[in-house]
>>> print(open('work_39.pdb').read())   # PDB, C-alpha atoms
ATOM      1  CA  ALA K   1     -59.651  -1.218 -41.407
ATOM      2  CA  GLY K   2     -60.941  -4.722 -40.779
ATOM      3  CA  GLY K   3     -57.628  -6.209 -41.902
ATOM      4  CA  ALA K   4     -55.701  -3.884 -39.605
ATOM      5  CA  THR K   5     -57.938  -4.811 -36.668
ATOM      6  CA  ALA K   6     -57.391  -8.506 -37.316
ATOM      7  CA  ALA K   7     -53.632  -8.003 -37.600
ATOM      8  CA  ILE K   8     -53.489  -6.088 -34.322
ATOM      9  CA  ALA K   9     -55.588  -8.716 -32.536
ATOM     10  CA  GLN K  10     -53.255 -11.447 -33.786
ATOM     11  CA  ILE K  11     -50.183  -9.549 -32.577
ATOM     12  CA  LEU K  12     -51.685  -9.046 -29.120
ATOM     13  CA  SER K  13     -52.677 -12.701 -28.822
ATOM     14  CA  GLU K  14     -49.274 -14.002 -29.911
ATOM     15  CA  ASN K  15     -47.041 -11.482 -28.141
ATOM     16  CA  THR K  16     -46.499 -11.763 -24.409
ATOM     17  CA  ASP K  17     -43.890  -8.982 -24.529
ATOM     18  CA  ASN K  18     -45.800  -5.691 -24.264
ATOM     19  CA  THR K  19     -42.922  -3.664 -25.687
ATOM     20  CA  ALA K  20     -42.683  -5.857 -28.772
ATOM     21  CA  ALA K  21     -46.460  -5.843 -29.196
ATOM     22  CA  ILE K  22     -46.701  -2.051 -29.148
ATOM     23  CA  ALA K  23     -43.746  -1.761 -31.519
ATOM     24  CA  ALA K  24     -45.396  -4.238 -33.909
ATOM     25  CA  ILE K  25     -48.725  -2.387 -33.873
ATOM     26  CA  LYS K  26     -47.201   0.966 -34.818
ATOM     27  CA  PRO K  27     -46.334   0.101 -38.466
ATOM     28  CA  ILE K  28     -49.823  -1.334 -38.972
ATOM     29  CA  ILE K  29     -51.305   1.976 -37.852
ATOM     30  CA  ASP K  30     -48.953   3.761 -40.259
ATOM     31  CA  GLN K  31     -50.247   1.610 -43.118
ATOM     32  CA  THR K  32     -53.920   2.210 -42.316
ATOM     33  CA  MET K  33     -53.941   6.002 -41.971
ATOM     34  CA  GLN K  34     -56.518   6.022 -44.751
ATOM     35  CA  SER K  35     -58.939   4.569 -42.198
ATOM     36  CA  TYR K  36     -58.513   7.747 -40.194
ATOM     37  CA  THR K  37     -61.992   7.806 -38.663
ATOM     38  CA  ILE K  38     -61.620   4.249 -37.370
ATOM     39  CA  LEU K  39     -58.260   5.106 -35.838
ATOM     40  CA  LEU K  40     -59.751   8.145 -34.094
ATOM     41  CA  PHE K  41     -62.518   6.018 -32.590
ATOM     42  CA  GLY K  42     -59.901   3.644 -31.208
ATOM     43  CA  LEU K  43     -57.809   6.534 -29.922
ATOM     44  CA  VAL K  44     -60.763   8.068 -28.087
ATOM     45  CA  PHE K  45     -61.635   4.798 -26.359
ATOM     46  CA  ILE K  46     -58.011   4.250 -25.318
ATOM     47  CA  ILE K  47     -57.821   7.741 -23.814
ATOM     48  CA  ILE K  48     -61.132   7.220 -22.007
ATOM     49  CA  GLY K  49     -59.771   4.054 -20.394
ATOM     50  CA  VAL K  50     -56.554   5.703 -19.215
ATOM     51  CA  ALA K  51     -58.377   8.885 -18.138
ATOM     52  CA  PHE K  52     -60.692   6.790 -15.961
ATOM     53  CA  LYS K  53     -57.683   5.148 -14.345
ATOM     54  CA  LEU K  54     -56.031   8.515 -13.733
ATOM     55  CA  GLY K  55     -59.265  10.135 -12.553
ATOM     56  CA  ALA K  56     -59.345  12.911 -15.138
ATOM     57  CA  VAL K  57     -62.568  14.866 -15.677
ATOM     58  CA  PRO K  58     -65.168  13.802 -16.808
ATOM     59  CA  PHE K  59     -64.173  10.278 -15.704
ATOM     60  CA  HIS K  60     -63.435  11.319 -12.120
ATOM     61  CA  ILE K  61     -66.718  10.643 -10.290
ATOM     62  CA  TRP K  62     -65.416   7.539  -8.521
ATOM     63  CA  ILE K  63     -62.421   9.234  -6.896
ATOM     64  CA  PRO K  64     -64.047  11.369  -4.143
ATOM     65  CA  ASP K  65     -66.360   8.552  -3.008
ATOM     66  CA  VAL K  66     -63.614   5.922  -3.002
ATOM     67  CA  TYR K  67     -61.113   8.168  -1.229
ATOM     68  CA  GLN K  68     -63.632   9.090   1.463
ATOM     69  CA  GLY K  69     -65.227   5.656   1.854
ATOM     70  CA  ALA K  70     -62.090   3.512   1.959
ATOM     71  CA  PRO K  71     -59.981   3.127   5.118
ATOM     72  CA  THR K  72     -57.289   5.805   5.087
ATOM     73  CA  ALA K  73     -54.463   3.278   4.782
ATOM     74  CA  VAL K  74     -56.115   1.902   1.636
ATOM     75  CA  THR K  75     -56.746   5.396   0.285
ATOM     76  CA  LEU K  76     -53.064   6.205   0.841
ATOM     77  CA  PHE K  77     -52.125   3.361  -1.500
ATOM     78  CA  ILE K  78     -54.689   3.891  -4.251
ATOM     79  CA  ALA K  79     -53.952   7.622  -4.328
ATOM     80  CA  SER K  80     -50.238   7.170  -5.004
ATOM     81  CA  ALA K  81     -48.829   4.031  -6.664
ATOM     82  CA  PRO K  82     -51.646   3.479  -9.226
ATOM     83  CA  LYS K  83     -51.175   7.038 -10.527
ATOM     84  CA  ILE K  84     -47.572   6.225 -11.428
ATOM     85  CA  ALA K  85     -48.748   3.063 -13.168
ATOM     86  CA  ALA K  86     -51.475   4.978 -15.037
ATOM     87  CA  PHE K  87     -48.911   7.538 -16.194
ATOM     88  CA  ALA K  88     -46.713   4.727 -17.500
ATOM     89  CA  MET K  89     -49.736   3.270 -19.310
ATOM     90  CA  LEU K  90     -50.518   6.665 -20.849
ATOM     91  CA  MET K  91     -46.958   6.975 -22.089
ATOM     92  CA  ARG K  92     -46.777   3.472 -23.527
ATOM     93  CA  LEU K  93     -50.084   3.679 -25.364
ATOM     94  CA  LEU K  94     -49.998   7.248 -26.690
ATOM     95  CA  VAL K  95     -46.294   7.930 -27.101
ATOM     96  CA  ASP K  96     -44.948   4.487 -27.993
ATOM     97  CA  GLY K  97     -47.965   3.177 -29.868
ATOM     98  CA  LEU K  98     -49.905   6.159 -31.238
ATOM     99  CA  GLN K  99     -47.271   8.838 -31.792
ATOM    100  CA  ASP K 100     -48.468   9.343 -35.384
ATOM    101  CA  LEU K 101     -51.802  10.545 -33.992
ATOM    102  CA  GLN K 102     -50.121  13.022 -31.654
ATOM    103  CA  ALA K 103     -51.923  16.034 -33.108
ATOM    104  CA  ASP K 104     -55.238  14.354 -32.285
ATOM    105  CA  TRP K 105     -54.507  13.098 -28.788
ATOM    106  CA  GLN K 106     -52.863  16.416 -27.917
ATOM    107  CA  ASN K 107     -56.169  18.222 -28.418
ATOM    108  CA  ILE K 108     -58.030  15.651 -26.320
ATOM    109  CA  LEU K 109     -55.471  15.878 -23.500
ATOM    110  CA  ILE K 110     -55.676  19.690 -23.540
ATOM    111  CA  LEU K 111     -59.424  19.467 -22.964
ATOM    112  CA  LEU K 112     -59.083  16.834 -20.219
ATOM    113  CA  SER K 113     -56.316  18.824 -18.548
ATOM    114  CA  ILE K 114     -58.301  22.078 -18.403
ATOM    115  CA  LEU K 115     -61.449  20.337 -17.161
ATOM    116  CA  SER K 116     -59.465  18.466 -14.475
ATOM    117  CA  MET K 117     -57.635  21.559 -13.209
ATOM    118  CA  ALA K 118     -60.848  23.571 -13.112
ATOM    119  CA  THR K 119     -63.077  20.929 -11.512
ATOM    120  CA  GLY K 120     -60.505  19.715  -9.002
ATOM    121  CA  ASN K 121     -59.349  23.085  -7.735
ATOM    122  CA  ILE K 122     -62.771  24.753  -7.582
ATOM    123  CA  ILE K 123     -64.783  21.923  -5.994
ATOM    124  CA  ALA K 124     -62.029  21.164  -3.458
ATOM    125  CA  ILE K 125     -62.649  24.580  -1.891
ATOM    126  CA  ALA K 126     -66.145  23.529  -0.773
ATOM    127  CA  GLN K 127     -65.044  20.301   0.968
ATOM    128  CA  THR K 128     -65.027  19.860   4.748
ATOM    129  CA  ASN K 129     -63.737  16.278   4.655
ATOM    130  CA  ILE K 130     -59.970  16.322   4.096
ATOM    131  CA  LYS K 131     -59.964  12.969   2.276
ATOM    132  CA  ARG K 132     -62.570  14.277  -0.115
ATOM    133  CA  MET K 133     -60.632  17.517  -0.476
ATOM    134  CA  LEU K 134     -57.486  15.574  -1.341
ATOM    135  CA  ALA K 135     -59.523  13.545  -3.838
ATOM    136  CA  TYR K 136     -60.411  16.698  -5.769
ATOM    137  CA  SER K 137     -56.816  17.819  -5.319
ATOM    138  CA  THR K 138     -55.772  14.592  -7.040
ATOM    139  CA  ILE K 139     -58.069  15.387  -9.956
ATOM    140  CA  ALA K 140     -56.419  18.800 -10.292
ATOM    141  CA  HIS K 141     -52.941  17.269 -10.135
ATOM    142  CA  VAL K 142     -53.887  14.876 -12.939
ATOM    143  CA  GLY K 143     -54.639  17.937 -15.058
ATOM    144  CA  TYR K 144     -51.153  19.309 -14.421
ATOM    145  CA  LEU K 145     -49.628  15.883 -15.008
ATOM    146  CA  MET K 146     -51.101  15.802 -18.522
ATOM    147  CA  LEU K 147     -49.536  19.148 -19.436
ATOM    148  CA  GLY K 148     -46.104  17.650 -20.029
ATOM    149  CA  VAL K 149     -47.438  14.686 -22.003
ATOM    150  CA  LEU K 150     -49.545  16.782 -24.377
ATOM    151  CA  THR K 151     -46.488  18.773 -25.497
ATOM    152  CA  GLY K 152     -45.361  15.715 -27.451
ATOM    153  CA  THR K 153     -41.667  16.239 -26.586
ATOM    154  CA  GLN K 154     -39.180  14.111 -24.667
ATOM    155  CA  ALA K 155     -38.532  16.986 -22.267
ATOM    156  CA  GLY K 156     -42.267  17.273 -21.694
ATOM    157  CA  TYR K 157     -42.551  13.569 -20.945
ATOM    158  CA  ALA K 158     -39.688  13.872 -18.431
ATOM    159  CA  ALA K 159     -41.457  16.830 -16.775
ATOM    160  CA  SER K 160     -44.650  14.792 -16.418
ATOM    161  CA  MET K 161     -42.688  11.877 -14.982
ATOM    162  CA  PHE K 162     -41.090  14.295 -12.518
ATOM    163  CA  TYR K 163     -44.553  15.586 -11.612
ATOM    164  CA  VAL K 164     -46.112  12.172 -10.972
ATOM    165  CA  VAL K 165     -43.230  11.091  -8.710
ATOM    166  CA  VAL K 166     -43.499  14.335  -6.720
ATOM    167  CA  TYR K 167     -47.278  13.937  -6.527
ATOM    168  CA  ALA K 168     -46.894  10.432  -5.092
ATOM    169  CA  LEU K 169     -44.480  11.701  -2.419
ATOM    170  CA  MET K 170     -46.825  14.529  -1.403
ATOM    171  CA  THR K 171     -49.863  12.251  -1.318
ATOM    172  CA  LEU K 172     -48.086   9.731   0.894
ATOM    173  CA  GLY K 173     -47.296  12.527   3.334
ATOM    174  CA  ALA K 174     -50.825  13.986   3.364
ATOM    175  CA  PHE K 175     -52.689  10.721   3.889
ATOM    176  CA  GLY K 176     -49.961   9.504   6.238
ATOM    177  CA  MET K 177     -50.730  12.451   8.519
ATOM    178  CA  ILE K 178     -54.414  11.499   8.539
ATOM    179  CA  VAL K 179     -53.426   7.962   9.579
ATOM    180  CA  LEU K 180     -51.134   9.390  12.258
ATOM    181  CA  LEU K 181     -53.839  11.575  13.804
ATOM    182  CA  SER K 182     -56.424   8.782  13.760
ATOM    183  CA  ARG K 183     -56.881   6.288  16.555
ATOM    184  CA  ALA K 184     -59.044   3.299  17.420
ATOM    185  CA  GLY K 185     -62.640   4.034  16.456
ATOM    186  CA  PHE K 186     -61.825   7.489  15.090
ATOM    187  CA  GLU K 187     -60.467   8.753  11.774
ATOM    188  CA  ALA K 188     -59.173  12.320  11.620
ATOM    189  CA  GLU K 189     -60.756  12.993   8.246
ATOM    190  CA  GLN K 190     -62.519  16.295   8.906
ATOM    191  CA  LEU K 191     -60.717  19.595   8.367
ATOM    192  CA  ASP K 192     -61.610  20.600  11.925
ATOM    193  CA  ASP K 193     -59.607  17.625  13.218
ATOM    194  CA  PHE K 194     -56.477  19.565  12.257
ATOM    195  CA  LYS K 195     -57.401  22.601  14.378
ATOM    196  CA  GLY K 196     -54.653  23.577  16.805
ATOM    197  CA  LEU K 197     -52.303  20.790  15.680
ATOM    198  CA  ASN K 198     -49.337  23.062  16.374
ATOM    199  CA  GLU K 199     -50.390  23.243  20.027
ATOM    200  CA  ARG K 200     -50.783  19.481  20.281
ATOM    201  CA  ASN K 201     -47.523  18.629  18.516
ATOM    202  CA  ALA K 202     -45.383  21.250  16.780
ATOM    203  CA  TRP K 203     -43.318  18.666  14.863
ATOM    204  CA  TYR K 204     -46.327  16.976  13.260
ATOM    205  CA  ALA K 205     -47.738  20.388  12.369
ATOM    206  CA  ALA K 206     -44.432  21.268  10.704
ATOM    207  CA  LEU K 207     -44.520  18.035   8.673
ATOM    208  CA  MET K 208     -48.046  18.771   7.452
ATOM    209  CA  LEU K 209     -47.002  22.369   6.735
ATOM    210  CA  ILE K 210     -44.262  21.153   4.382
ATOM    211  CA  VAL K 211     -46.645  18.809   2.572
ATOM    212  CA  MET K 212     -49.379  21.427   2.167
ATOM    213  CA  LEU K 213     -46.972  24.119   0.950
ATOM    214  CA  SER K 214     -45.560  21.674  -1.576
ATOM    215  CA  MET K 215     -49.011  20.693  -2.823
ATOM    216  CA  ALA K 216     -49.879  24.378  -3.168
ATOM    217  CA  GLY K 217     -46.755  24.882  -5.273
ATOM    218  CA  VAL K 218     -45.044  27.328  -2.919
ATOM    219  CA  PRO K 219     -41.260  27.661  -3.416
ATOM    220  CA  PRO K 220     -38.860  26.236  -2.436
ATOM    221  CA  MET K 221     -40.901  23.056  -2.027
ATOM    222  CA  ILE K 222     -40.619  20.351  -4.671
ATOM    223  CA  GLY K 223     -44.272  20.842  -5.621
ATOM    224  CA  PHE K 224     -43.341  24.270  -6.990
ATOM    225  CA  TRP K 225     -40.668  22.802  -9.248
ATOM    226  CA  ALA K 226     -43.058  20.081 -10.421
ATOM    227  CA  LYS K 227     -45.528  22.707 -11.641
ATOM    228  CA  TRP K 228     -42.726  24.853 -13.001
ATOM    229  CA  SER K 229     -41.316  21.976 -15.053
ATOM    230  CA  VAL K 230     -44.575  21.130 -16.844
ATOM    231  CA  LEU K 231     -45.487  24.800 -17.363
ATOM    232  CA  ALA K 232     -42.063  25.506 -18.870
ATOM    233  CA  GLN K 233     -42.563  22.702 -21.390
ATOM    234  CA  VAL K 234     -46.053  23.941 -22.252
ATOM    235  CA  ILE K 235     -44.619  27.404 -22.953
ATOM    236  CA  ASP K 236     -41.790  25.915 -25.034
ATOM    237  CA  ALA K 237     -44.454  24.087 -27.084
ATOM    238  CA  GLY K 238     -46.048  27.442 -27.884
ATOM    239  CA  LEU K 239     -49.162  26.880 -25.732
ATOM    240  CA  ILE K 240     -48.749  30.039 -23.679
ATOM    241  CA  TRP K 241     -52.511  30.458 -23.210
ATOM    242  CA  LEU K 242     -52.694  26.991 -21.636
ATOM    243  CA  ALA K 243     -49.868  27.871 -19.224
ATOM    244  CA  VAL K 244     -51.782  31.006 -18.180
ATOM    245  CA  VAL K 245     -54.920  28.940 -17.534
ATOM    246  CA  ALA K 246     -52.897  26.433 -15.477
ATOM    247  CA  VAL K 247     -51.338  29.183 -13.353
ATOM    248  CA  MET K 248     -54.758  30.738 -12.748
ATOM    249  CA  PHE K 249     -56.164  27.472 -11.415
ATOM    250  CA  ALA K 250     -53.006  26.873  -9.355
ATOM    251  CA  ILE K 251     -53.614  30.185  -7.590
ATOM    252  CA  ILE K 252     -57.232  29.205  -6.915
ATOM    253  CA  GLY K 253     -56.109  25.804  -5.645
ATOM    254  CA  ALA K 254     -53.637  27.289  -3.180
ATOM    255  CA  PHE K 255     -56.580  28.437  -1.031
ATOM    256  CA  TYR K 256     -57.647  25.050   0.279
ATOM    257  CA  TYR K 257     -54.088  23.992   1.103
ATOM    258  CA  LEU K 258     -53.426  27.222   2.976
ATOM    259  CA  ARG K 259     -56.715  26.714   4.835
ATOM    260  CA  ILE K 260     -55.230  23.580   6.448
ATOM    261  CA  ILE K 261     -52.216  25.610   7.575
ATOM    262  CA  LYS K 262     -54.516  28.253   9.064
ATOM    263  CA  LEU K 263     -56.408  25.592  11.024
ATOM    264  CA  MET K 264     -53.190  24.082  12.393
ATOM    265  CA  TYR K 265     -51.551  27.316  13.483
ATOM    266  CA  PHE K 266     -54.312  29.877  14.075
ATOM    267  CA  GLU K 267     -57.239  27.866  15.473
ATOM    268  CA  LYS K 268     -57.752  26.347  18.898
ATOM    269  CA  ALA K 269     -57.713  22.570  19.134
ATOM    270  CA  GLU K 270     -61.125  20.954  19.657
ATOM    271  CA  ASP K 271     -59.545  17.710  20.830
ATOM    272  CA  ASN K 272     -56.493  17.676  23.082
ATOM    273  CA  THR K 273     -56.106  13.894  23.048
ATOM    274  CA  PRO K 274     -52.369  13.051  22.968
ATOM    275  CA  ILE K 275     -51.104  12.022  19.548
ATOM    276  CA  GLU K 276     -49.645   8.545  19.734
ATOM    277  CA  ALA K 277     -47.758   6.768  16.970
ATOM    278  CA  ASN K 278     -45.137   4.066  16.745
ATOM    279  CA  ILE K 279     -41.562   4.908  15.849
ATOM    280  CA  ASP K 280     -41.900   3.504  12.310
ATOM    281  CA  MET K 281     -44.774   5.846  11.478
ATOM    282  CA  ARG K 282     -42.979   8.864  12.925
ATOM    283  CA  LEU K 283     -39.788   8.097  11.031
ATOM    284  CA  ALA K 284     -41.624   7.450   7.750
ATOM    285  CA  LEU K 285     -43.571  10.723   7.889
ATOM    286  CA  SER K 286     -40.529  12.718   8.986
ATOM    287  CA  ALA K 287     -38.420  11.229   6.184
ATOM    288  CA  ASN K 288     -41.158  11.924   3.647
ATOM    289  CA  ALA K 289     -41.452  15.599   4.586
ATOM    290  CA  LEU K 290     -37.687  16.083   4.703
ATOM    291  CA  ILE K 291     -37.306  14.478   1.271
ATOM    292  CA  ILE K 292     -39.941  16.883  -0.094
ATOM    293  CA  LEU K 293     -38.002  19.789   1.421
ATOM    294  CA  LEU K 294     -34.562  18.595   0.265
ATOM    295  CA  LEU K 295     -35.757  17.839  -3.253
ATOM    296  CA  GLY K 296     -37.194  21.339  -3.370
ATOM    297  CA  ILE K 297     -33.729  22.700  -2.628
ATOM    298  CA  MET K 298     -32.106  20.325  -5.158
ATOM    299  CA  PRO K 299     -34.807  19.581  -7.774
ATOM    300  CA  GLN K 300     -32.226  18.887 -10.478
ATOM    301  CA  THR K 301     -31.387  15.588  -8.749
ATOM    302  CA  LEU K 302     -34.810  14.042  -9.337
ATOM    303  CA  MET K 303     -35.194  15.721 -12.727
ATOM    304  CA  ALA K 304     -31.912  14.200 -13.865
ATOM    305  CA  VAL K 305     -33.223  10.754 -12.927
ATOM    306  CA  CYS K 306     -36.441  11.348 -14.897
ATOM    307  CA  LYS K 307     -34.555  12.635 -17.932
ATOM    308  CA  GLY K 308     -32.166   9.715 -17.758
ATOM    309  CA  ALA K 309     -35.060   7.238 -17.652
ATOM    310  CA  LEU K 310     -36.457   8.738 -20.870
ATOM    311  CA  GLY K 311     -33.116   9.278 -22.564
ATOM    312  CA  VAL K 312     -33.332  13.090 -22.505
ATOM    313  CA  SER K 313     -29.956  14.802 -22.661
TER     314      SER K 313
END
>>> encode(input="work_39.pdb", output="structure tokens")
Amino acid sequence: AGGATAAIAQILSENTDNTAAIAAIKPIIDQTMQSYTILLFGLVFIIIGVAFKLGAVPFHIWIPDVYQGAPTAVTLFIASAPKIAAFAMLMRLLVDGLQDLQADWQNILILLSILSMATGNIIAIAQTNIKRMLAYSTIAHVGYLMLGVLTGTQAGYAASMFYVVVYALMTLGAFGMIVLLSRAGFEAEQLDDFKGLNERNAWYAALMLIVMLSMAGVPPMIGFWAKWSVLAQVIDAGLIWLAVVAVMFAIIGAFYYLRIIKLMYFEKAEDNTPIEANIDMRLALSANALIILLLGIMPQTLMAVCKGALGVS
């Protein structure tokens, strides 16, 4: 085990090409399978690091506080792009580097996935701050994201890639609407700030409606197909019980998204201040919502891109 550790350290220090470094480490791991316990310790620490970056339970504590405390424009960024990067990191480390330990990291990811879906969806219901609600929503989405990866198949990896791209699009739309409704000295981060939005501006309410329905996984929005894709791969992998658990938590999670829709369309506005935004913001949010809607109608377009990126026929 000590020799393997030294060999891996030397490879990492000499190799500036990450792809070559991971490829070079794999045969060393194959040769040291007799040091199984040591390998498992390393695997656990690697997963902990990536899980913290993704915000999976129980390494999620930082997400609600950071999402709520940071300016919304900053939250918009850290809630979207880094999740795609963390997914890529998860794939490179577990799939490319530690595929021989797939049976072990599959069990760990199953546990993290269930805990994330349960914690995110249940605690989000109690939130009154929409940024904090979306933070717990993110935690739940991370749980669904892991479903495709833990199947250990190329199709599953493509489904997870599809999911993380869709998640990023939906998150940009949700936090973008918070930025839109905010103004100097005021951030529209409370759920009550969305009361009567349809009366104030029907178009903005429609944009938020599309985003919330997609996040809830309501067809024909792209969020539905994202959940469908990972659940289909979980079923194909023979983990039907896990798919049932995921669907159960998805139903629970739909409540807090539909609550936003209720506030926008069935509650009276507490603030009738005109909503002002520059043309760039209006165009960006409109394009985002329309892309979510169009991709929901033609999900095979994005899925084909994801499959092509991973070489899935």
>>> resolve_selection(input="work_39.pdb", expression="the PyMOL selection byres ((chain K and resi 56) around 10)", output="PDB file with C-alpha atoms, keeping the file's coordinate frame")
ATOM      1  CA  ILE K  48     -61.132   7.220 -22.007  1.00  0.00           C
ATOM      2  CA  VAL K  50     -56.554   5.703 -19.215  1.00  0.00           C
ATOM      3  CA  ALA K  51     -58.377   8.885 -18.138  1.00  0.00           C
ATOM      4  CA  PHE K  52     -60.692   6.790 -15.961  1.00  0.00           C
ATOM      5  CA  LYS K  53     -57.683   5.148 -14.345  1.00  0.00           C
ATOM      6  CA  LEU K  54     -56.031   8.515 -13.733  1.00  0.00           C
ATOM      7  CA  GLY K  55     -59.265  10.135 -12.553  1.00  0.00           C
ATOM      8  CA  VAL K  57     -62.568  14.866 -15.677  1.00  0.00           C
ATOM      9  CA  PRO K  58     -65.168  13.802 -16.808  1.00  0.00           C
ATOM     10  CA  PHE K  59     -64.173  10.278 -15.704  1.00  0.00           C
ATOM     11  CA  HIS K  60     -63.435  11.319 -12.120  1.00  0.00           C
ATOM     12  CA  ILE K  61     -66.718  10.643 -10.290  1.00  0.00           C
ATOM     13  CA  ILE K  63     -62.421   9.234  -6.896  1.00  0.00           C
ATOM     14  CA  LEU K 109     -55.471  15.878 -23.500  1.00  0.00           C
ATOM     15  CA  LEU K 112     -59.083  16.834 -20.219  1.00  0.00           C
ATOM     16  CA  SER K 113     -56.316  18.824 -18.548  1.00  0.00           C
ATOM     17  CA  ILE K 114     -58.301  22.078 -18.403  1.00  0.00           C
ATOM     18  CA  LEU K 115     -61.449  20.337 -17.161  1.00  0.00           C
ATOM     19  CA  SER K 116     -59.465  18.466 -14.475  1.00  0.00           C
ATOM     20  CA  MET K 117     -57.635  21.559 -13.209  1.00  0.00           C
ATOM     21  CA  THR K 119     -63.077  20.929 -11.512  1.00  0.00           C
ATOM     22  CA  GLY K 120     -60.505  19.715  -9.002  1.00  0.00           C
ATOM     23  CA  THR K 138     -55.772  14.592  -7.040  1.00  0.00           C
ATOM     24  CA  ILE K 139     -58.069  15.387  -9.956  1.00  0.00           C
ATOM     25  CA  ALA K 140     -56.419  18.800 -10.292  1.00  0.00           C
ATOM     26  CA  HIS K 141     -52.941  17.269 -10.135  1.00  0.00           C
ATOM     27  CA  VAL K 142     -53.887  14.876 -12.939  1.00  0.00           C
ATOM     28  CA  GLY K 143     -54.639  17.937 -15.058  1.00  0.00           C
ATOM     29  CA  MET K 146     -51.101  15.802 -18.522  1.00  0.00           C
TER      30      MET K 146
END
>>> resolve_selection(input="work_39.pdb", expression="the PyMOL selection byres ((chain K and resi 159) around 10)", output="ChimeraX atom specification")
/K:145-149,153-158,160-164,225-233,303,306-307
>>> residues_around(input="work_39.pdb", residues="region 285-288 of chain K", least_positions_apart="2", cutoff="10 Å", atoms="only C-alpha atoms", output="JSON, numbers by chain")
{"K": [169, 170, 172, 173, 174, 175, 176, 177, 180, 203, 204, 206, 207, 208, 210, 211, 280, 281, 282, 283, 290, 291, 292, 293, 294]}
>>> decode(input="work_39.pdb", residues="region 83-98 of chain K", atoms="C-alpha atoms", output="JSON list (two decimals), in the first residue's frame")
[["chain", "number", "residue", "atom", "x", "y", "z"],
["K", 83, "LYS", "CA", -22.53, 22.08, -9.92],
["K", 84, "ILE", "CA", -21.63, 21.21, -13.51],
["K", 85, "ALA", "CA", -17.95, 21.31, -12.58],
["K", 86, "ALA", "CA", -18.55, 19.13, -9.50],
["K", 87, "PHE", "CA", -20.41, 16.59, -11.64],
["K", 88, "ALA", "CA", -17.47, 16.48, -14.05],
["K", 89, "MET", "CA", -15.13, 15.97, -11.08],
["K", 90, "LEU", "CA", -17.32, 13.14, -9.78],
["K", 91, "MET", "CA", -17.23, 11.45, -13.16],
["K", 92, "ARG", "CA", -13.49, 11.81, -13.64],
["K", 93, "LEU", "CA", -12.58, 10.52, -10.19],
["K", 94, "LEU", "CA", -15.08, 7.69, -9.75],
["K", 95, "VAL", "CA", -15.72, 6.53, -13.30],
["K", 96, "ASP", "CA", -12.37, 7.19, -14.97],
["K", 97, "GLY", "CA", -10.13, 6.55, -11.98],
["K", 98, "LEU", "CA", -11.96, 4.20, -9.60]]
